[in-house]
file input-v8.pdb (PDB, C-alpha atoms and all ligand atoms)
ATOM      1  CA  MET A 134      63.106  90.012  85.587  1.00  0.00           C
ATOM      2  CA  ASP A 135      62.311  91.524  82.175  1.00  0.00           C
ATOM      3  CA  ALA A 136      59.260  89.276  82.110  1.00  0.00           C
ATOM      4  CA  THR A 137      57.876  90.736  85.325  1.00  0.00           C
ATOM      5  CA  THR A 138      59.140  94.341  85.464  1.00  0.00           C
ATOM      6  CA  THR A 139      57.158  97.086  83.772  1.00  0.00           C
ATOM      7  CA  VAL A 140      58.683 100.054  81.989  1.00  0.00           C
ATOM      8  CA  GLN A 141      56.684 102.245  84.363  1.00  0.00           C
ATOM      9  CA  ALA A 142      58.297 100.608  87.397  1.00  0.00           C
ATOM     10  CA  LEU A 143      61.753 101.327  85.958  1.00  0.00           C
ATOM     11  CA  ARG A 144      60.732 104.895  85.108  1.00  0.00           C
ATOM     12  CA  ASP A 145      59.548 105.388  88.683  1.00  0.00           C
ATOM     13  CA  LYS A 146      62.869 104.144  90.085  1.00  0.00           C
ATOM     14  CA  ALA A 147      64.908 106.273  87.692  1.00  0.00           C
ATOM     15  CA  ARG A 148      62.806 109.335  88.556  1.00  0.00           C
ATOM     16  CA  ALA A 149      63.210 108.686  92.304  1.00  0.00           C
ATOM     17  CA  PHE A 150      66.985 108.374  91.843  1.00  0.00           C
ATOM     18  CA  ARG A 151      67.030 111.664  89.887  1.00  0.00           C
ATOM     19  CA  ASP A 152      64.778 113.553  92.281  1.00  0.00           C
ATOM     20  CA  ALA A 153      66.651 112.423  95.408  1.00  0.00           C
ATOM     21  CA  ARG A 154      69.684 114.233  93.944  1.00  0.00           C
ATOM     22  CA  ASN A 155      67.734 117.222  92.595  1.00  0.00           C
ATOM     23  CA  TRP A 156      69.068 116.444  89.140  1.00  0.00           C
ATOM     24  CA  ALA A 157      65.936 117.251  87.159  1.00  0.00           C
ATOM     25  CA  GLN A 158      67.449 120.716  86.682  1.00  0.00           C
ATOM     26  CA  PHE A 159      70.191 119.086  84.576  1.00  0.00           C
ATOM     27  CA  HIS A 160      67.960 116.622  82.730  1.00  0.00           C
ATOM     28  CA  ASP A 161      66.983 118.662  79.685  1.00  0.00           C
ATOM     29  CA  PRO A 162      66.289 116.719  76.477  1.00  0.00           C
ATOM     30  CA  LYS A 163      69.445 117.915  74.688  1.00  0.00           C
ATOM     31  CA  ASN A 164      71.795 116.833  77.459  1.00  0.00           C
ATOM     32  CA  LEU A 165      69.971 113.552  77.989  1.00  0.00           C
ATOM     33  CA  ALA A 166      70.151 112.757  74.271  1.00  0.00           C
ATOM     34  CA  ALA A 167      73.895 113.465  74.425  1.00  0.00           C
ATOM     35  CA  ALA A 168      74.317 111.314  77.542  1.00  0.00           C
ATOM     36  CA  LEU A 169      72.380 108.489  75.887  1.00  0.00           C
ATOM     37  CA  SER A 170      74.641 108.694  72.847  1.00  0.00           C
ATOM     38  CA  ILE A 171      77.769 108.767  75.006  1.00  0.00           C
ATOM     39  CA  GLU A 172      76.641 105.670  76.888  1.00  0.00           C
ATOM     40  CA  ALA A 173      75.882 103.928  73.578  1.00  0.00           C
ATOM     41  CA  ALA A 174      79.435 104.784  72.523  1.00  0.00           C
ATOM     42  CA  GLU A 175      80.728 103.250  75.754  1.00  0.00           C
ATOM     43  CA  LEU A 176      78.846 100.095  74.841  1.00  0.00           C
ATOM     44  CA  GLN A 177      80.571 100.142  71.451  1.00  0.00           C
ATOM     45  CA  GLU A 178      83.923 100.776  73.108  1.00  0.00           C
ATOM     46  CA  VAL A 179      83.699  97.420  74.883  1.00  0.00           C
ATOM     47  CA  PHE A 180      83.969  95.784  71.435  1.00  0.00           C
ATOM     48  CA  LEU A 181      86.381  98.217  69.812  1.00  0.00           C
ATOM     49  CA  TRP A 182      89.156  96.549  67.765  1.00  0.00           C
ATOM     50  CA  LYS A 183      88.091  93.053  68.765  1.00  0.00           C
ATOM     51  CA  ASN A 184      87.719  90.491  65.989  1.00  0.00           C
ATOM     52  CA  LYS A 185      84.756  88.139  65.660  1.00  0.00           C
ATOM     53  CA  ASP A 186      86.307  85.466  67.890  1.00  0.00           C
ATOM     54  CA  GLU A 187      87.302  87.990  70.534  1.00  0.00           C
ATOM     55  CA  VAL A 188      83.766  89.411  70.530  1.00  0.00           C
ATOM     56  CA  ALA A 189      82.330  85.936  70.998  1.00  0.00           C
ATOM     57  CA  ALA A 190      84.740  85.263  73.877  1.00  0.00           C
ATOM     58  CA  LEU A 191      83.889  88.589  75.481  1.00  0.00           C
ATOM     59  CA  VAL A 192      80.156  87.944  75.290  1.00  0.00           C
ATOM     60  CA  ALA A 193      80.695  84.488  76.782  1.00  0.00           C
ATOM     61  CA  SER A 194      82.933  85.645  79.634  1.00  0.00           C
ATOM     62  CA  GLU A 195      81.695  86.660  83.064  1.00  0.00           C
ATOM     63  CA  ALA A 196      83.771  89.859  83.079  1.00  0.00           C
ATOM     64  CA  GLY A 197      82.725  90.772  79.549  1.00  0.00           C
ATOM     65  CA  ARG A 198      79.076  90.181  80.290  1.00  0.00           C
ATOM     66  CA  ALA A 199      79.353  92.314  83.435  1.00  0.00           C
ATOM     67  CA  LYS A 200      80.724  95.223  81.382  1.00  0.00           C
ATOM     68  CA  LEU A 201      78.068  94.823  78.664  1.00  0.00           C
ATOM     69  CA  ARG A 202      75.369  94.610  81.320  1.00  0.00           C
ATOM     70  CA  GLU A 203      76.579  97.820  82.939  1.00  0.00           C
ATOM     71  CA  GLU A 204      76.777  99.781  79.681  1.00  0.00           C
ATOM     72  CA  ALA A 205      73.417  98.470  78.456  1.00  0.00           C
ATOM     73  CA  ALA A 206      71.908  99.600  81.748  1.00  0.00           C
ATOM     74  CA  ASP A 207      73.455 103.057  81.308  1.00  0.00           C
ATOM     75  CA  VAL A 208      71.892 103.332  77.838  1.00  0.00           C
ATOM     76  CA  PHE A 209      68.503 102.217  79.095  1.00  0.00           C
ATOM     77  CA  LEU A 210      68.625 104.491  82.131  1.00  0.00           C
ATOM     78  CA  PHE A 211      69.323 107.556  80.009  1.00  0.00           C
ATOM     79  CA  LEU A 212      66.521 106.531  77.666  1.00  0.00           C
ATOM     80  CA  LEU A 213      64.208 106.339  80.684  1.00  0.00           C
ATOM     81  CA  HIS A 214      65.393 109.768  81.864  1.00  0.00           C
ATOM     82  CA  PHE A 215      64.897 111.109  78.328  1.00  0.00           C
ATOM     83  CA  ALA A 216      61.350 109.757  78.254  1.00  0.00           C
ATOM     84  CA  GLU A 217      60.718 111.331  81.643  1.00  0.00           C
ATOM     85  CA  SER A 218      61.987 114.759  80.635  1.00  0.00           C
ATOM     86  CA  THR A 219      60.049 114.818  77.362  1.00  0.00           C
ATOM     87  CA  GLY A 220      56.891 113.051  78.506  1.00  0.00           C
ATOM     88  CA  LEU A 221      57.271 110.376  75.841  1.00  0.00           C
ATOM     89  CA  ASP A 222      55.530 107.056  76.340  1.00  0.00           C
ATOM     90  CA  LEU A 223      58.192 104.518  75.399  1.00  0.00           C
ATOM     91  CA  SER A 224      55.884 101.523  75.129  1.00  0.00           C
ATOM     92  CA  SER A 225      53.565 103.136  72.605  1.00  0.00           C
ATOM     93  CA  ALA A 226      56.575 104.594  70.747  1.00  0.00           C
ATOM     94  CA  VAL A 227      58.096 101.108  70.418  1.00  0.00           C
ATOM     95  CA  GLU A 228      54.770  99.579  69.381  1.00  0.00           C
ATOM     96  CA  ASP A 229      54.279 102.298  66.746  1.00  0.00           C
ATOM     97  CA  LYS A 230      57.831 101.948  65.449  1.00  0.00           C
ATOM     98  CA  LEU A 231      57.492  98.176  65.181  1.00  0.00           C
ATOM     99  CA  ARG A 232      54.363  98.693  63.056  1.00  0.00           C
ATOM    100  CA  VAL A 233      56.280 101.135  60.836  1.00  0.00           C
ATOM    101  CA  ASN A 234      59.182  98.696  60.537  1.00  0.00           C
ATOM    102  CA  GLU A 235      56.820  95.853  59.658  1.00  0.00           C
ATOM    103  CA  ARG A 236      55.682  97.914  56.669  1.00  0.00           C
ATOM    104  CA  LYS A 237      59.237  98.966  55.740  1.00  0.00           C
ATOM    105  CA  TYR A 238      60.621  95.452  56.118  1.00  0.00           C
ATOM    106  CA  PRO A 239      57.991  92.983  54.911  1.00  0.00           C
ATOM    107  CA  VAL A 240      59.032  89.415  55.688  1.00  0.00           C
ATOM    108  CA  GLU A 241      58.789  88.344  52.054  1.00  0.00           C
ATOM    109  CA  LYS A 242      61.352  90.969  51.033  1.00  0.00           C
ATOM    110  CA  SER A 243      63.598  91.154  54.059  1.00  0.00           C
ATOM    111  CA  TYR A 244      63.884  87.520  55.158  1.00  0.00           C
ATOM    112  CA  ASN A 245      67.590  86.592  55.200  1.00  0.00           C
ATOM    113  CA  SER A 246      68.502  90.095  54.031  1.00  0.00           C
ATOM    114  CA  HIS A 247      70.339  92.889  55.842  1.00  0.00           C
ATOM    115  CA  ARG A 248      69.441  95.446  53.161  1.00  0.00           C
ATOM    116  CA  LYS A 249      67.980  98.767  54.170  1.00  0.00           C
ATOM    117  CA  TYR A 250      64.288  99.189  53.348  1.00  0.00           C
ATOM    118  CA  ASP A 251      64.964 101.406  50.330  1.00  0.00           C
ATOM    119  CA  GLU A 252      67.186  98.701  48.832  1.00  0.00           C
ATOM    120  CA  LEU A 253      64.912  95.720  49.363  1.00  0.00           C
ATOM    121  CA  GLY A 254      63.520  95.723  45.825  1.00  0.00           C
ATOM    122  CA  GLN A 255      67.009  95.412  44.354  1.00  0.00           C
ATOM    123  CA  LYS A 256      68.855  92.198  43.631  1.00  0.00           C
TER     124      LYS A 256
HETATM  125 MG    MG B   1      78.682 103.878  80.967  1.00  0.00          MG
END

call {"tool": "encode", "arguments": {"input": "input-v8.pdb", "output": "structure tokens"}}
result
Amino acid sequence: MDATTTVQALRDKARAFRDARNWAQFHDPKNLAAALSIEAAELQEVFLWKNKDEVAALVASEAGRAKLREEAADVFLFLLHFAESTGLDLSSAVEDKLRVNERKYPVEKSYNSHRKYDELGQK
């Protein structure tokens, strides 16, 4: 469905959900940023204290995938609500950030490296 669903279509559905409950009054940028962060923490919590093998098993399991799916959706939904409340265009923001990251992480310096951009020149 990612291949056929637009960001705008998801924004429209999230907005309709919000407006049907009259929740725009609560959706200020500060609270939405906090909610987004809290949901990201819930995504992290799914993995908390698990070792590499346990993480792999979780990601491969139906129950684990269901939990990850739910928390990922929560993160994305709050990002959509955040975009709605601030008037940000997510698609152009992502395109712009990818261009910035392409400059910060040139392939010839960052291939096979997890170093941060300001450490790429170092051996
Ligand atoms: Mg959640």

call {"tool": "resolve_selection", "arguments": {"input": "input-v8.pdb", "expression": "the PyMOL selection byres (((not hetatm)) within 9 of (chain B and resi 1))", "output": "list in words"}}
result
Ile171, Glu172, Ala173, Ala174, Glu175, Leu176, Lys200, Glu203, Glu204, Ala205, Ala206, Asp207 and Val208 of chain A

call {"tool": "closest_atom_pairs", "arguments": {"input": "input-v8.pdb", "of": "stretch 178-255 of chain A", "to": "stretch 146-156 of chain A", "cutoff": "10 Å", "atoms": "only C-alpha atoms", "output": "Markdown table"}}
result
| residue | atom | partner | partner_atom | distance |
| --- | --- | --- | --- | --- |
| A:Leu210 | CA | A:Ala147 | CA | 6.9 |
| A:Phe211 | CA | A:Ala147 | CA | 9.0 |
| A:Leu213 | CA | A:Ala147 | CA | 7.0 |
| A:His214 | CA | A:Ala147 | CA | 6.8 |
| A:Glu217 | CA | A:Arg148 | CA | 7.5 |
| A:Ser218 | CA | A:Arg148 | CA | 9.6 |

call {"tool": "resolve_selection", "arguments": {"input": "input-v8.pdb", "expression": "the PyMOL selection byres (((chain A and resi 219) around 12) and not hetatm)", "output": "JSON, numbers by chain"}}
result
{"A": [157, 160, 161, 162, 163, 164, 165, 166, 212, 213, 214, 215, 216, 217, 218, 220, 221, 222, 223]}

call {"tool": "closest_residue", "arguments": {"input": "input-v8.pdb", "among": "A:Phe159, A:Tyr250, A:Leu201, A:Val192", "to": "A:Lys237", "atoms": "only C-alpha atoms"}}
result
A:Tyr250

call {"tool": "residues_around", "arguments": {"input": "input-v8.pdb", "residues": "A:Ser224", "least_positions_apart": "6", "cutoff": "10 Å", "atoms": "only C-alpha atoms", "output": "PyMOL selection string"}}
result
chain A and resi 139-141+230

call {"tool": "axis_aligned_box", "arguments": {"input": "input-v8.pdb", "around": "stretch 141-160 of chain A", "padding_each_side": "6 Å", "output": "lines of an AutoDock Vina configuration file"}}
result
center_x = 63.4
center_y = 110.7
center_z = 89.1
size_x = 25.5
size_y = 32.1
size_z = 24.7

call {"tool": "atom_distance", "arguments": {"input": "input-v8.pdb", "atom1": "atom CA of A:Leu253", "atom2": "atom CA of A:Ser170"}}
result
28.5 Å

call {"tool": "atom_distance", "arguments": {"input": "input-v8.pdb", "atom1": "atom CA of A:Ala136", "atom2": "atom CA of A:Asp229"}}
result
20.7 Å

call {"tool": "atom_distance", "arguments": {"input": "input-v8.pdb", "atom1": "atom CA of A:Leu231", "atom2": "atom CA of A:Asp251"}}
result
16.9 Å

call {"tool": "closest_residue", "arguments": {"input": "input-v8.pdb", "among": "A:Lys185, A:Phe209, A:Glu235, A:Val227", "to": "A:Leu169", "atoms": "all atoms listed in the file"}}
result
A:Phe209

call {"tool": "resolve_selection", "arguments": {"input": "input-v8.pdb", "expression": "the PyMOL selection byres (((chain A and resi 238) around 12) and not hetatm)", "output": "ChimeraX atom specification"}}
result
/A:230-237,239-254

call {"tool": "write_last_selection", "arguments": {"input": "input-v8.pdb", "atoms": "C-alpha atoms", "output": "CSV table (one decimal), keeping the file's coordinate frame"}}
result
chain,number,residue,atom,x,y,z
A,230,LYS,CA,57.8,101.9,65.4
A,231,LEU,CA,57.5,98.2,65.2
A,232,ARG,CA,54.4,98.7,63.1
A,233,VAL,CA,56.3,101.1,60.8
A,234,ASN,CA,59.2,98.7,60.5
A,235,GLU,CA,56.8,95.9,59.7
A,236,ARG,CA,55.7,97.9,56.7
A,237,LYS,CA,59.2,99.0,55.7
A,239,PRO,CA,58.0,93.0,54.9
A,240,VAL,CA,59.0,89.4,55.7
A,241,GLU,CA,58.8,88.3,52.1
A,242,LYS,CA,61.4,91.0,51.0
A,243,SER,CA,63.6,91.2,54.1
A,244,TYR,CA,63.9,87.5,55.2
A,245,ASN,CA,67.6,86.6,55.2
A,246,SER,CA,68.5,90.1,54.0
A,247,HIS,CA,70.3,92.9,55.8
A,248,ARG,CA,69.4,95.4,53.2
A,249,LYS,CA,68.0,98.8,54.2
A,250,TYR,CA,64.3,99.2,53.3
A,251,ASP,CA,65.0,101.4,50.3
A,252,GLU,CA,67.2,98.7,48.8
A,253,LEU,CA,64.9,95.7,49.4
A,254,GLY,CA,63.5,95.7,45.8
